[in-house]
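Data file: structure.cif. Format and content: mmCIF, C-alpha atoms.
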```
data_model
loop_
_atom_site.label_atom_id
_atom_site.label_comp_id
_atom_site.auth_asym_id
_atom_site.auth_seq_id
_atom_site.Cartn_x
_atom_site.Cartn_y
_atom_site.Cartn_z
CA MET A 1 -22.67 -41.63 -11.76
CA GLY A 2 -26.29 -42.81 -11.83
CA SER A 3 -27.48 -39.39 -12.95
CA ASN A 4 -24.90 -39.32 -15.74
CA THR A 5 -26.09 -42.69 -17.02
CA ALA A 6 -29.74 -41.64 -16.92
CA ASP A 7 -28.90 -38.51 -18.94
CA SER A 8 -26.78 -40.27 -21.56
CA PHE A 9 -28.26 -40.18 -25.04
CA ASP A 10 -26.17 -43.18 -26.11
CA VAL A 11 -27.63 -45.27 -23.29
CA HIS A 12 -31.24 -44.08 -23.09
CA GLY A 13 -31.92 -42.28 -26.36
CA PRO A 14 -33.95 -43.78 -29.22
CA LYS A 15 -32.16 -46.25 -31.44
CA HIS A 16 -34.52 -46.25 -34.42
CA ILE A 17 -34.28 -42.65 -35.74
CA THR A 18 -30.70 -41.50 -35.15
CA ASP A 19 -29.82 -41.34 -38.86
CA LEU A 20 -30.55 -37.79 -40.06
CA ASN A 21 -30.95 -38.98 -43.64
CA LYS A 22 -33.75 -41.34 -42.61
CA ILE A 23 -35.82 -38.92 -40.55
CA ASP A 24 -39.27 -38.49 -42.07
CA TRP A 25 -40.79 -35.22 -40.84
CA ASP A 26 -44.17 -36.30 -42.18
CA ASN A 27 -44.16 -39.33 -39.88
CA GLU A 28 -45.97 -38.90 -36.56
CA GLU A 29 -43.71 -41.38 -34.79
CA HIS A 30 -40.58 -39.49 -35.84
CA ARG A 31 -42.05 -36.10 -34.89
CA ARG A 32 -43.15 -37.40 -31.48
CA CYS A 33 -39.84 -39.07 -30.67
CA ILE A 34 -37.77 -36.04 -31.68
CA ALA A 35 -39.98 -33.61 -29.77
CA ALA A 36 -39.68 -35.79 -26.65
CA CYS A 37 -35.90 -35.97 -27.02
CA LEU A 38 -35.63 -32.18 -27.28
CA VAL A 39 -37.61 -31.84 -24.06
CA LYS A 40 -35.28 -34.39 -22.48
CA GLY A 41 -32.42 -32.23 -23.69
CA VAL A 42 -33.73 -29.36 -21.55
CA TYR A 43 -33.82 -31.62 -18.48
CA VAL A 44 -30.24 -32.75 -19.12
CA HIS A 45 -29.06 -29.22 -19.89
CA GLU A 46 -30.30 -28.11 -16.46
CA ASN A 47 -28.58 -31.12 -14.88
CA ASP A 48 -25.34 -30.22 -16.68
CA ARG A 49 -25.57 -26.75 -15.16
CA ALA A 50 -26.58 -27.85 -11.67
CA GLU A 51 -23.93 -30.57 -11.42
CA ARG A 52 -21.25 -28.51 -13.19
CA ARG A 53 -20.37 -31.35 -15.48
CA ALA A 54 -17.09 -31.04 -17.31
CA VAL A 55 -18.44 -33.20 -20.13
CA LYS A 56 -21.85 -31.93 -21.20
CA LEU A 57 -24.42 -34.63 -21.91
CA ALA A 58 -27.24 -32.42 -23.15
CA PRO A 59 -26.09 -31.51 -26.72
CA ALA A 60 -26.46 -35.08 -27.97
CA TRP A 61 -30.20 -34.89 -27.31
CA TRP A 62 -30.66 -32.17 -29.96
CA GLU A 63 -27.61 -32.40 -32.21
CA SER A 64 -28.52 -36.00 -33.07
CA PHE A 65 -31.55 -34.65 -34.93
CA GLY A 66 -29.95 -31.69 -36.68
CA PHE A 67 -30.69 -28.95 -34.14
CA HIS A 68 -28.50 -26.50 -32.30
CA LEU A 69 -29.24 -24.51 -29.16
CA LYS A 70 -30.32 -21.00 -30.11
CA LYS A 71 -31.33 -19.71 -26.69
CA GLU A 72 -31.63 -20.93 -23.13
CA LEU A 73 -34.76 -20.00 -21.21
CA ARG A 74 -33.73 -19.20 -17.66
CA GLU A 75 -35.60 -18.14 -14.55
CA PRO A 76 -33.85 -16.51 -11.59
CA ILE A 77 -34.15 -18.27 -8.24
CA TYR A 78 -34.20 -15.80 -5.35
CA SER A 79 -33.47 -15.89 -1.65
CA ILE A 80 -33.49 -13.21 1.04
CA VAL A 81 -29.99 -12.19 -0.11
CA GLY A 82 -30.91 -11.90 -3.79
CA VAL A 83 -30.53 -14.10 -6.85
CA ILE A 84 -28.88 -17.44 -6.08
CA PHE A 85 -28.78 -18.86 -9.60
CA ASP A 86 -30.74 -19.07 -12.84
CA THR A 87 -32.49 -22.36 -13.47
CA ILE A 88 -32.85 -23.56 -17.06
CA TYR A 89 -36.50 -24.42 -17.65
CA GLY A 90 -36.63 -24.33 -21.43
CA ALA A 91 -34.76 -23.80 -24.66
CA ILE A 92 -35.22 -22.64 -28.23
CA PHE A 93 -33.69 -25.07 -30.70
CA GLU A 94 -33.03 -24.12 -34.31
CA TYR A 95 -32.77 -26.63 -37.13
CA SER A 96 -29.30 -26.48 -38.62
CA PRO A 97 -29.24 -25.42 -42.29
CA SER A 98 -26.55 -28.03 -42.99
CA ALA A 99 -28.81 -30.89 -41.87
CA PRO A 100 -30.66 -32.86 -44.59
CA ARG A 101 -34.08 -31.49 -45.53
CA ASP A 102 -37.11 -33.19 -46.98
CA ARG A 103 -38.78 -30.72 -49.34
CA CYS A 104 -42.13 -32.50 -49.13
CA ALA A 105 -42.18 -32.41 -45.34
CA PRO A 106 -39.83 -29.72 -44.04
CA PRO A 107 -38.58 -29.83 -40.46
CA PRO A 108 -39.54 -27.09 -38.02
CA ARG A 109 -37.37 -24.03 -38.10
CA TYR A 110 -37.55 -23.71 -34.32
CA VAL A 111 -38.66 -25.94 -31.47
CA VAL A 112 -39.42 -24.29 -28.13
CA ALA A 113 -39.18 -26.98 -25.45
CA PHE A 114 -39.93 -26.92 -21.72
CA ARG A 115 -38.90 -29.37 -19.03
CA GLY A 116 -41.16 -30.52 -16.22
CA THR A 117 -40.71 -30.55 -12.47
CA LYS A 118 -37.19 -31.25 -11.29
CA PRO A 119 -37.14 -33.40 -8.13
CA GLY A 120 -36.20 -31.30 -5.12
CA SER A 121 -36.86 -27.96 -6.83
CA ILE A 122 -38.94 -25.78 -4.52
CA ARG A 123 -39.58 -23.37 -7.38
CA ASP A 124 -40.98 -26.12 -9.59
CA TYR A 125 -43.21 -27.38 -6.77
CA TYR A 126 -44.46 -23.83 -6.29
CA LEU A 127 -45.39 -23.62 -9.97
CA ASP A 128 -47.12 -26.99 -9.73
CA LEU A 129 -49.35 -25.43 -7.08
CA LYS A 130 -50.01 -22.50 -9.41
CA ILE A 131 -51.39 -25.00 -11.92
CA VAL A 132 -53.78 -26.30 -9.26
CA VAL A 133 -55.11 -22.79 -8.52
CA ASN A 134 -55.09 -21.82 -12.21
CA LYS A 135 -52.56 -18.99 -11.91
CA LEU A 136 -49.63 -20.33 -13.90
CA GLU A 137 -50.10 -17.85 -16.75
CA LYS A 138 -49.08 -14.97 -14.47
CA ARG A 139 -45.63 -16.39 -13.78
CA THR A 140 -42.34 -15.49 -15.46
CA ARG A 141 -41.95 -19.05 -16.75
CA VAL A 142 -45.00 -18.50 -18.96
CA GLN A 143 -44.81 -14.81 -19.76
CA GLN A 144 -41.21 -14.93 -20.97
CA PRO A 145 -41.72 -17.67 -23.60
CA CYS A 146 -44.95 -16.00 -24.75
CA ARG A 147 -42.96 -12.88 -25.58
CA LEU A 148 -40.12 -14.84 -27.17
CA VAL A 149 -42.35 -16.96 -29.40
CA ASP A 150 -44.27 -13.87 -30.45
CA GLN A 151 -40.96 -12.19 -31.30
CA LEU A 152 -39.78 -15.25 -33.25
CA MET A 153 -42.88 -15.11 -35.42
CA THR A 154 -42.44 -11.37 -35.98
CA ASP A 155 -38.78 -11.79 -36.94
CA MET A 156 -39.51 -14.62 -39.37
CA ARG A 157 -42.21 -12.61 -41.09
CA LYS A 158 -39.83 -9.70 -41.48
CA GLU A 159 -37.07 -11.93 -42.85
CA ASP A 160 -39.22 -13.68 -45.39
CA GLU A 161 -42.77 -12.84 -46.40
CA ALA A 162 -43.19 -16.44 -47.54
CA SER A 163 -42.96 -17.63 -43.94
CA GLN A 164 -46.35 -16.12 -43.12
CA GLY A 165 -48.92 -18.79 -42.47
CA GLN A 166 -46.40 -21.65 -42.42
CA ASP A 167 -47.62 -23.27 -39.23
CA SER A 168 -44.77 -25.78 -39.14
CA CYS A 169 -42.14 -23.05 -38.62
CA ILE A 170 -42.29 -23.30 -34.83
CA TRP A 171 -43.09 -26.27 -32.66
CA LEU A 172 -43.95 -26.20 -28.96
CA ALA A 173 -43.11 -29.16 -26.74
CA GLY A 174 -43.19 -29.82 -23.02
CA HIS A 175 -43.50 -32.51 -20.39
CA SER A 176 -45.63 -32.34 -17.23
CA LEU A 177 -45.15 -28.81 -15.82
CA GLY A 178 -43.46 -27.95 -19.11
CA ALA A 179 -46.51 -29.22 -21.00
CA ALA A 180 -48.67 -26.86 -18.94
CA VAL A 181 -46.35 -24.00 -19.93
CA ALA A 182 -46.45 -24.97 -23.62
CA LEU A 183 -50.25 -25.21 -23.42
CA VAL A 184 -50.59 -21.65 -22.14
CA VAL A 185 -48.08 -20.36 -24.71
CA GLY A 186 -49.98 -22.05 -27.54
CA ARG A 187 -53.29 -20.63 -26.34
CA TYR A 188 -51.74 -17.17 -26.06
CA MET A 189 -50.47 -17.29 -29.64
CA MET A 190 -53.87 -18.34 -30.99
CA VAL A 191 -55.61 -15.20 -29.69
CA GLN A 192 -53.17 -12.82 -31.38
CA GLU A 193 -54.11 -10.65 -34.37
CA LYS A 194 -52.37 -13.05 -36.80
CA PRO A 195 -52.50 -16.35 -34.93
CA PRO A 196 -49.85 -18.90 -35.93
CA ASN A 197 -51.24 -22.42 -35.61
CA LEU A 198 -48.22 -23.93 -33.89
CA ARG A 199 -47.71 -27.68 -33.92
CA THR A 200 -47.67 -28.62 -30.25
CA PHE A 201 -46.55 -31.73 -28.37
CA LEU A 202 -47.79 -32.02 -24.78
CA PHE A 203 -46.37 -35.03 -22.94
CA ASN A 204 -48.27 -36.01 -19.76
CA PRO A 205 -49.91 -32.58 -19.42
CA PRO A 206 -51.43 -32.01 -15.96
CA HIS A 207 -55.19 -31.70 -15.77
CA VAL A 208 -56.72 -30.31 -12.59
CA SER A 209 -60.48 -30.47 -12.02
CA PHE A 210 -63.06 -31.70 -9.54
CA ILE A 211 -63.85 -34.69 -11.72
CA THR A 212 -60.16 -35.64 -11.91
CA SER A 213 -60.07 -36.02 -8.14
CA ILE A 214 -62.83 -38.61 -8.42
CA ASN A 215 -60.31 -40.96 -10.04
CA LEU A 216 -58.43 -41.09 -6.74
CA LEU A 217 -61.48 -42.71 -5.13
CA LYS A 218 -61.17 -45.66 -7.54
CA LEU A 219 -64.90 -45.94 -8.06
CA ASP A 220 -66.37 -48.77 -10.08
CA PRO A 221 -67.20 -47.90 -13.72
CA VAL A 222 -70.94 -47.46 -13.08
CA ALA A 223 -70.44 -45.06 -10.17
CA LYS A 224 -67.78 -43.14 -12.05
CA GLU A 225 -70.06 -42.78 -15.07
CA SER A 226 -72.81 -41.43 -12.82
CA VAL A 227 -70.47 -38.82 -11.35
CA HIS A 228 -69.42 -37.73 -14.83
CA ARG A 229 -73.05 -37.48 -15.91
CA VAL A 230 -73.87 -35.22 -12.96
CA GLY A 231 -70.83 -33.09 -13.74
CA ASN A 232 -71.91 -32.68 -17.36
CA PHE A 233 -75.35 -31.47 -16.35
CA LEU A 234 -73.85 -29.05 -13.81
CA ARG A 235 -71.70 -27.55 -16.55
CA LYS A 236 -74.75 -27.37 -18.79
CA GLY A 237 -76.56 -25.46 -16.06
CA ALA A 238 -73.62 -23.11 -15.56
CA ALA A 239 -73.58 -22.37 -19.29
CA LYS A 240 -77.21 -21.26 -19.08
CA VAL A 241 -76.79 -19.05 -16.02
CA LEU A 242 -73.40 -17.38 -16.49
CA HIS A 243 -74.22 -15.44 -19.65
CA SER A 244 -71.17 -13.17 -19.69
CA HIS A 245 -68.78 -16.04 -19.05
CA ARG A 246 -70.55 -18.19 -21.65
CA GLU A 247 -70.09 -15.52 -24.30
CA HIS A 248 -66.45 -15.05 -23.32
CA MET A 249 -65.67 -18.78 -23.42
CA ASN A 250 -67.58 -19.32 -26.64
CA ASN A 251 -65.56 -16.58 -28.35
CA LEU A 252 -62.35 -18.01 -26.90
CA PHE A 253 -63.18 -21.53 -28.10
CA GLN A 254 -63.91 -20.20 -31.58
CA GLN A 255 -60.46 -18.60 -31.64
CA LEU A 256 -58.74 -21.70 -30.29
CA SER A 257 -60.61 -24.33 -32.30
CA PRO A 258 -58.24 -24.33 -35.34
CA TRP A 259 -55.35 -25.21 -33.00
CA VAL A 260 -55.13 -28.97 -32.47
CA PRO A 261 -52.37 -29.76 -29.95
CA ASN A 262 -51.12 -33.31 -29.58
CA LEU A 263 -51.76 -34.60 -26.05
CA TYR A 264 -49.74 -37.69 -25.12
CA VAL A 265 -51.23 -39.38 -22.08
CA HIS A 266 -51.06 -42.70 -20.28
CA GLU A 267 -54.32 -44.18 -19.05
CA LYS A 268 -52.72 -44.98 -15.66
CA ASP A 269 -51.18 -41.55 -15.09
CA PRO A 270 -53.40 -39.69 -12.58
CA ILE A 271 -51.77 -36.36 -13.43
CA CYS A 272 -53.02 -36.29 -17.02
CA GLN A 273 -55.92 -38.74 -16.77
CA GLY A 274 -58.33 -35.82 -16.56
CA PHE A 275 -57.78 -35.05 -20.24
CA ILE A 276 -58.97 -38.54 -21.15
CA ASP A 277 -62.08 -38.08 -19.03
CA TYR A 278 -62.70 -34.55 -20.31
CA PHE A 279 -62.72 -35.44 -24.00
CA GLU A 280 -64.34 -38.86 -23.73
CA GLN A 281 -67.13 -37.66 -21.43
CA ARG A 282 -67.69 -34.55 -23.52
CA GLN A 283 -68.07 -36.72 -26.59
CA LYS A 284 -70.43 -39.18 -24.89
CA PHE A 285 -72.62 -36.39 -23.55
CA MET A 286 -72.90 -34.66 -26.91
CA GLU A 287 -73.67 -37.90 -28.73
CA GLY A 288 -76.35 -38.70 -26.14
CA SER A 289 -77.77 -35.16 -26.16
CA PRO A 290 -77.23 -33.84 -29.70
CA ARG A 291 -79.54 -30.84 -29.17
CA VAL A 292 -77.53 -29.47 -26.25
CA ASP A 293 -75.70 -26.20 -26.89
CA THR A 294 -72.06 -27.15 -27.42
CA THR A 295 -70.87 -24.11 -25.45
CA PHE A 296 -71.27 -26.18 -22.27
CA ALA A 297 -68.01 -27.90 -23.26
CA ALA A 298 -66.21 -24.62 -22.51
CA PHE A 299 -67.24 -24.76 -18.84
CA SER A 300 -65.62 -26.50 -15.89
CA LEU A 301 -67.21 -27.55 -12.63
CA ARG A 302 -65.43 -24.61 -10.99
CA ASP A 303 -67.60 -22.40 -13.19
CA ALA A 304 -70.67 -24.28 -11.99
CA PHE A 305 -69.87 -23.71 -8.31
CA TRP A 306 -68.05 -20.37 -8.31
CA TRP A 307 -69.81 -17.28 -9.57
CA HIS A 308 -67.74 -14.97 -11.75
CA PRO A 309 -68.12 -11.27 -10.93
CA ILE A 310 -68.53 -8.88 -13.85
CA GLY A 311 -65.25 -8.52 -15.70
CA LYS A 312 -63.70 -11.48 -13.89
CA ASN A 313 -64.00 -14.16 -16.56
CA LYS A 314 -61.47 -16.86 -15.76
CA ASP A 315 -59.99 -19.09 -18.43
CA ARG A 316 -59.32 -22.75 -17.72
CA PRO A 317 -56.26 -23.86 -19.72
CA GLN A 318 -57.28 -27.52 -19.37
CA LEU A 319 -60.44 -26.80 -21.37
CA LEU A 320 -59.56 -27.29 -25.02
CA PRO A 321 -61.94 -27.09 -27.97
CA SER A 322 -59.79 -29.33 -30.19
CA ALA A 323 -56.99 -31.83 -29.69
CA THR A 324 -55.50 -35.09 -30.85
CA LEU A 325 -55.39 -37.38 -27.83
CA TRP A 326 -52.70 -40.06 -28.03
CA LYS A 327 -53.27 -42.69 -25.34
CA SER A 328 -50.50 -45.09 -24.36
CA CYS A 329 -51.23 -48.54 -22.97
CA LEU A 330 -47.68 -49.42 -21.90
CA ASP A 331 -47.49 -51.74 -18.90
CA HIS A 332 -47.51 -49.30 -15.98
CA GLU A 333 -45.78 -51.83 -13.74
CA LEU A 334 -42.74 -51.88 -16.03
CA HIS A 335 -42.77 -48.24 -17.16
CA ASP A 336 -43.46 -45.00 -15.32
CA PRO A 337 -46.83 -43.80 -16.69
CA HIS A 338 -45.73 -40.20 -16.12
CA GLY A 339 -42.23 -40.67 -17.47
CA LEU A 340 -41.00 -38.79 -20.53
CA GLN A 341 -38.84 -41.67 -21.76
CA GLN A 342 -41.85 -43.66 -22.96
CA TRP A 343 -42.58 -41.09 -25.65
CA TRP A 344 -39.48 -41.70 -27.74
CA LYS A 345 -40.23 -45.40 -28.02
CA PRO A 346 -41.32 -46.75 -31.42
CA ASP A 347 -44.98 -47.28 -32.18
CA SER A 348 -44.52 -51.03 -32.03
CA GLU A 349 -43.86 -50.76 -28.28
CA LEU A 350 -46.26 -47.96 -27.32
CA ARG A 351 -49.44 -49.31 -28.93
CA LEU A 352 -50.83 -45.79 -29.22
CA GLU A 353 -54.44 -45.02 -29.98
CA ALA A 354 -55.25 -41.58 -31.38
CA LYS A 355 -58.58 -39.79 -31.22
CA HIS A 356 -59.19 -36.45 -32.90
CA TYR A 357 -61.58 -34.09 -31.14
CA SER A 358 -62.82 -30.81 -32.55
CA TYR A 359 -65.23 -27.99 -31.73
CA PRO A 360 -68.17 -27.72 -32.18
CA VAL A 361 -68.38 -31.33 -31.09
CA PRO A 362 -68.87 -33.77 -34.00
CA GLN A 363 -68.19 -37.49 -34.09
CA ALA A 364 -64.69 -38.20 -32.76
CA GLN A 365 -62.28 -39.78 -35.23
CA THR A 366 -60.17 -42.71 -34.12
CA THR A 367 -56.94 -43.81 -35.75
CA SER A 368 -54.18 -46.21 -34.87
CA THR A 369 -50.48 -45.49 -35.14
CA SER A 370 -50.33 -47.45 -38.37
CA SER A 371 -52.38 -44.72 -40.06
CA ALA A 372 -50.82 -41.77 -38.26
CA ARG A 373 -48.54 -40.67 -41.07
CA SER A 374 -50.92 -37.95 -42.26
CA PRO A 375 -53.34 -36.97 -39.46
CA ALA A 376 -56.89 -36.11 -40.43
CA VAL A 377 -56.62 -32.79 -38.61
CA PRO A 378 -53.69 -30.40 -38.21
CA ALA A 379 -51.38 -31.48 -35.44
#
```

Represent the structure from my file as C-alpha cells, please.
Amino acid sequence: MGSNTADSFDVHGPKHITDLNKIDWDNEEHRRCIAACLVKGVYVHENDRAERRAVKLAPAWWESFGFHLKKELREPIYSIVGVIFDTIYGAIFEYSPSAPRDRCAPPPRYVVAFRGTKPGSIRDYYLDLKIVVNKLEKRTRVQQPCRLVDQLMTDMRKEDEASQGQDSCIWLAGHSLGAAVALVVGRYMMVQEKPPNLRTFLFNPPHVSFITSINLLKLDPVAKESVHRVGNFLRKGAAKVLHSHREHMNNLFQQLSPWVPNLYVHEKDPICQGFIDYFEQRQKFMEGSPRVDTTFAAFSLRDAFWWHPIGKNKDRPQLLPSATLWKSCLDHELHDPHGLQQWWKPDSELRLEAKHYSYPVPQAQTTSTSSARSPAVPA
C-alpha cells in the first residue's frame, strides 16, 4: 500500500503544471518538471511490472503532459538457469499529436528517459560499480539506447528533411544511474557524423573521482581548497606529459563542447557533489591562471596517476566541456538531496541557481531561476 501511494501521480505529482493548455515549453521550470516526471514514470512502470499491479499507476506520469509510451527499454536479468525476467530501465515517450502545441516553443517529439538504481536490485548495484570503474559504456543498458536514439534520428530525417538540425526533437533524461546512462548516450550522439545536439536533463548524476572522495573527509574550506589546488596542478602536469591522450581528449572536448547538458545537483548530495567541485574548481583555476592551456580541463586525476598505453586512451564521462549546472539549496534535513521528487517542485521552493560553463573556459555566467526562461546557452 505504501509503495502504491508513493507511486501515485495524484498524490505526489506536481500540482502547478498539470493543465496541458498552460504548459510553456520555453519555460525552464516546466521543462525540468516534466522531464523529471517522465523519469519517475519509468520507475513506476518498473514497479507496476514487478508488483503485477492490476491498476497501473505509471501512465499518469506521462499522459498528464501529452505523451504516450512508444517503447519500453528492457534488460534481461539472468541466473544459472537462464533469463528470469526483463527489468524495465527506460522508456521512449512520444508527444501525442492531439495534445496542444505551442508553435513558438514546440514540445519534444520524443523523450528517452532512464530510471536510477532500484533498491534491492543486484543488477543495478552491479552497474553502479561499473560507473566507479568507468566501464558503464560497455553494458547493454547503455549500448541499446545508443542504437535506438541513433535510429530515431535516422528515421526522423527520412520522414521529414525539415527535421534535420532540430535539436529539440529528442530529449534525454535520467536520474542517478539513469543520468549516467543518459550522459553516455548524449556523448555518443555528439561524436557521430551528423551530431544532434540533444537537450539533456541529468538529475543527481553520479560523479566519481579522487577529489570527490575528499568530500567524505569533511575537511575545512581552507584544507579542501588546498587539495583542489594540488589536484589542478597534477592534471596540468598530466596534460603536458601524456601527449597522445591530451590530443585525444582535446579533440573529444571540441566535439562535445556544443552540447550543453543540464545537470541538476544538490549541494548536500555526495553522489553528484563532484560535478559542483569539478566546474567550480576548473573555473577558479582558469581565472587564476589565464595563460594555462585549457586542455588540462579534459584530464582527471586518474590520468595523472595512471599511464595510458599507446592506443588505450580512456574517456571519463564525468569530464564535460560544457554544461548548465543547476544547484538546489533545499533543506536536506526535510528533503532527500538525492531524491528525484525535488526536481518537479516549482522554482519558488527549489531556489535554484544556474551557472553556464563552456569550453574553452571563459567567465562562467550565473543566472537565477527568475531569468531562466531563455537560457544564454543551448540547454

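Residues of protein, DNA or RNA having at least one counted atom within 12 Å of (-23.3, -30.7, -19.1), given only C-alpha atoms, are Ser3, Asn4, Asp7, Ser8, Gly41, Val42, Tyr43, Val44, His45, Glu46, Asn47, Asp48, Arg49, Ala50, Glu51, Arg52, Arg53, Ala54, Val55, Lys56, Leu57, Ala58, Pro59, Ala60 and Trp61 of chain A.
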
Once the PyMOL selection byres ((chain A and resi 11-24) around 12) is applied to the coordinates I shared, what remains selected? I want it as a JSON list (two decimals) with C-alpha atoms, in the coordinates of the input.
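Generated output (result_4.json):
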```json
[["chain", "number", "residue", "atom", "x", "y", "z"],
["A", 2, "GLY", "CA", -26.29, -42.81, -11.83],
["A", 3, "SER", "CA", -27.48, -39.39, -12.95],
["A", 4, "ASN", "CA", -24.90, -39.32, -15.74],
["A", 5, "THR", "CA", -26.09, -42.69, -17.02],
["A", 6, "ALA", "CA", -29.74, -41.64, -16.92],
["A", 7, "ASP", "CA", -28.90, -38.51, -18.94],
["A", 8, "SER", "CA", -26.78, -40.27, -21.56],
["A", 9, "PHE", "CA", -28.26, -40.18, -25.04],
["A", 10, "ASP", "CA", -26.17, -43.18, -26.11],
["A", 25, "TRP", "CA", -40.79, -35.22, -40.84],
["A", 26, "ASP", "CA", -44.17, -36.30, -42.18],
["A", 27, "ASN", "CA", -44.16, -39.33, -39.88],
["A", 28, "GLU", "CA", -45.97, -38.90, -36.56],
["A", 29, "GLU", "CA", -43.71, -41.38, -34.79],
["A", 30, "HIS", "CA", -40.58, -39.49, -35.84],
["A", 31, "ARG", "CA", -42.05, -36.10, -34.89],
["A", 32, "ARG", "CA", -43.15, -37.40, -31.48],
["A", 33, "CYS", "CA", -39.84, -39.07, -30.67],
["A", 34, "ILE", "CA", -37.77, -36.04, -31.68],
["A", 35, "ALA", "CA", -39.98, -33.61, -29.77],
["A", 36, "ALA", "CA", -39.68, -35.79, -26.65],
["A", 37, "CYS", "CA", -35.90, -35.97, -27.02],
["A", 38, "LEU", "CA", -35.63, -32.18, -27.28],
["A", 40, "LYS", "CA", -35.28, -34.39, -22.48],
["A", 41, "GLY", "CA", -32.42, -32.23, -23.69],
["A", 57, "LEU", "CA", -24.42, -34.63, -21.91],
["A", 58, "ALA", "CA", -27.24, -32.42, -23.15],
["A", 60, "ALA", "CA", -26.46, -35.08, -27.97],
["A", 61, "TRP", "CA", -30.20, -34.89, -27.31],
["A", 62, "TRP", "CA", -30.66, -32.17, -29.96],
["A", 63, "GLU", "CA", -27.61, -32.40, -32.21],
["A", 64, "SER", "CA", -28.52, -36.00, -33.07],
["A", 65, "PHE", "CA", -31.55, -34.65, -34.93],
["A", 66, "GLY", "CA", -29.95, -31.69, -36.68],
["A", 67, "PHE", "CA", -30.69, -28.95, -34.14],
["A", 95, "TYR", "CA", -32.77, -26.63, -37.13],
["A", 96, "SER", "CA", -29.30, -26.48, -38.62],
["A", 98, "SER", "CA", -26.55, -28.03, -42.99],
["A", 99, "ALA", "CA", -28.81, -30.89, -41.87],
["A", 100, "PRO", "CA", -30.66, -32.86, -44.59],
["A", 101, "ARG", "CA", -34.08, -31.49, -45.53],
["A", 102, "ASP", "CA", -37.11, -33.19, -46.98],
["A", 103, "ARG", "CA", -38.78, -30.72, -49.34],
["A", 104, "CYS", "CA", -42.13, -32.50, -49.13],
["A", 105, "ALA", "CA", -42.18, -32.41, -45.34],
["A", 106, "PRO", "CA", -39.83, -29.72, -44.04],
["A", 107, "PRO", "CA", -38.58, -29.83, -40.46],
["A", 340, "LEU", "CA", -41.00, -38.79, -20.53],
["A", 341, "GLN", "CA", -38.84, -41.67, -21.76],
["A", 342, "GLN", "CA", -41.85, -43.66, -22.96],
["A", 343, "TRP", "CA", -42.58, -41.09, -25.65],
["A", 344, "TRP", "CA", -39.48, -41.70, -27.74],
["A", 345, "LYS", "CA", -40.23, -45.40, -28.02],
["A", 346, "PRO", "CA", -41.32, -46.75, -31.42],
["A", 347, "ASP", "CA", -44.98, -47.28, -32.18],
["A", 348, "SER", "CA", -44.52, -51.03, -32.03],
["A", 373, "ARG", "CA", -48.54, -40.67, -41.07],
["A", 374, "SER", "CA", -50.92, -37.95, -42.26]]
```

Take the PyMOL selection byres ((chain A and resi 315-325) around 6), run it mentally on this structure, and tell me the resulting residues as a VMD selection string. chain A and resid 207 253 257 260 to 263 314 326 354 to 359

Going by the chain IDs and residue numbers used in this file, which residues fall under the PyMOL selection byres ((chain A and resi 130) around 12)? Write them as a ChimeraX atom specification. /A:123-129,131-139,141-142,177,180-181,206,208

Written file, previous selection with C-alpha atoms, as a short mmCIF file (atom, residue, chain, number, x, y, z; two decimals), in the coordinates of the input:
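File produced: part-v7.cif:
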```cif
data_model
loop_
_atom_site.label_atom_id
_atom_site.label_comp_id
_atom_site.auth_asym_id
_atom_site.auth_seq_id
_atom_site.Cartn_x
_atom_site.Cartn_y
_atom_site.Cartn_z
CA ARG A 123 -39.58 -23.37 -7.38
CA ASP A 124 -40.98 -26.12 -9.59
CA TYR A 125 -43.21 -27.38 -6.77
CA TYR A 126 -44.46 -23.83 -6.29
CA LEU A 127 -45.39 -23.62 -9.97
CA ASP A 128 -47.12 -26.99 -9.73
CA LEU A 129 -49.35 -25.43 -7.08
CA ILE A 131 -51.39 -25.00 -11.92
CA VAL A 132 -53.78 -26.30 -9.26
CA VAL A 133 -55.11 -22.79 -8.52
CA ASN A 134 -55.09 -21.82 -12.21
CA LYS A 135 -52.56 -18.99 -11.91
CA LEU A 136 -49.63 -20.33 -13.90
CA GLU A 137 -50.10 -17.85 -16.75
CA LYS A 138 -49.08 -14.97 -14.47
CA ARG A 139 -45.63 -16.39 -13.78
CA ARG A 141 -41.95 -19.05 -16.75
CA VAL A 142 -45.00 -18.50 -18.96
CA LEU A 177 -45.15 -28.81 -15.82
CA ALA A 180 -48.67 -26.86 -18.94
CA VAL A 181 -46.35 -24.00 -19.93
CA PRO A 206 -51.43 -32.01 -15.96
CA VAL A 208 -56.72 -30.31 -12.59
#
```

Atom pair CA of Pro360 (chain A) / CA of Ser176 (chain A): separation (Å):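 Taking CA of Pro360 (chain A) and CA of Ser176 (chain A), their separation equals 27.4 Å.
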
Give me the residues within 8 Å of Gly174 (chain A) as a PyMOL selection string, counting all atoms listed in the file and dropping any in the same chain fewer than 4 places off. chain A and resi 36+39+113-116+178-182+201-203

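The closest residue to Gly339 (chain A), picked from A:His175, A:Arg187, A:Arg199, A:Arg109 and counting all atoms listed in the file, is A:His175.
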
Quick one: pull the distance between CA of Ile276 (chain A) and CA of Tyr188 (chain A), Å, one decimal. 23.1 Å

Can you work out the spacing between CA of Pro270 (chain A) and CA of Ile88 (chain A) in Å, to one decimal? 26.5 Å

Enclose region 115-126 of chain A, meaning all of its atoms listed in the file, in a box aligned along x, y and z, pad it by 6 Å on each side, and list the centre and edge lengths in Å to one decimal, as AutoDock Vina command-line options.
```
--center_x -40.3 --center_y -28.4 --center_z -11.8 --size_x 20.3 --size_y 22.0 --size_z 26.5
```

Selected residue, from A:Asp336, A:Asp150, A:Glu159, A:Phe275, that lies nearest to Met190 (chain A) when counting only C-alpha atoms: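 Nearest candidate to Met190 (chain A) out of A:Asp336, A:Asp150, A:Glu159, A:Phe275: A:Asp150.
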
Pro205 (chain A) proximity check over A:Asp155, A:Glu349, A:Glu193, A:Asp269, using all atoms listed in the file: winner is A:Asp269

(-32.9, -21.3, -6.7) in this file's frame - what residues fall within 12 Å of it? Use all atoms listed in the file and give the answer as a PyMOL selection string. chain A and resi 50+74-89+118+120-126

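Of the listed residues (A:Met189, A:Leu330, A:Tyr278, A:Lys71), A:Met189 comes nearest to Trp259 (chain A); the distances count only C-alpha atoms.
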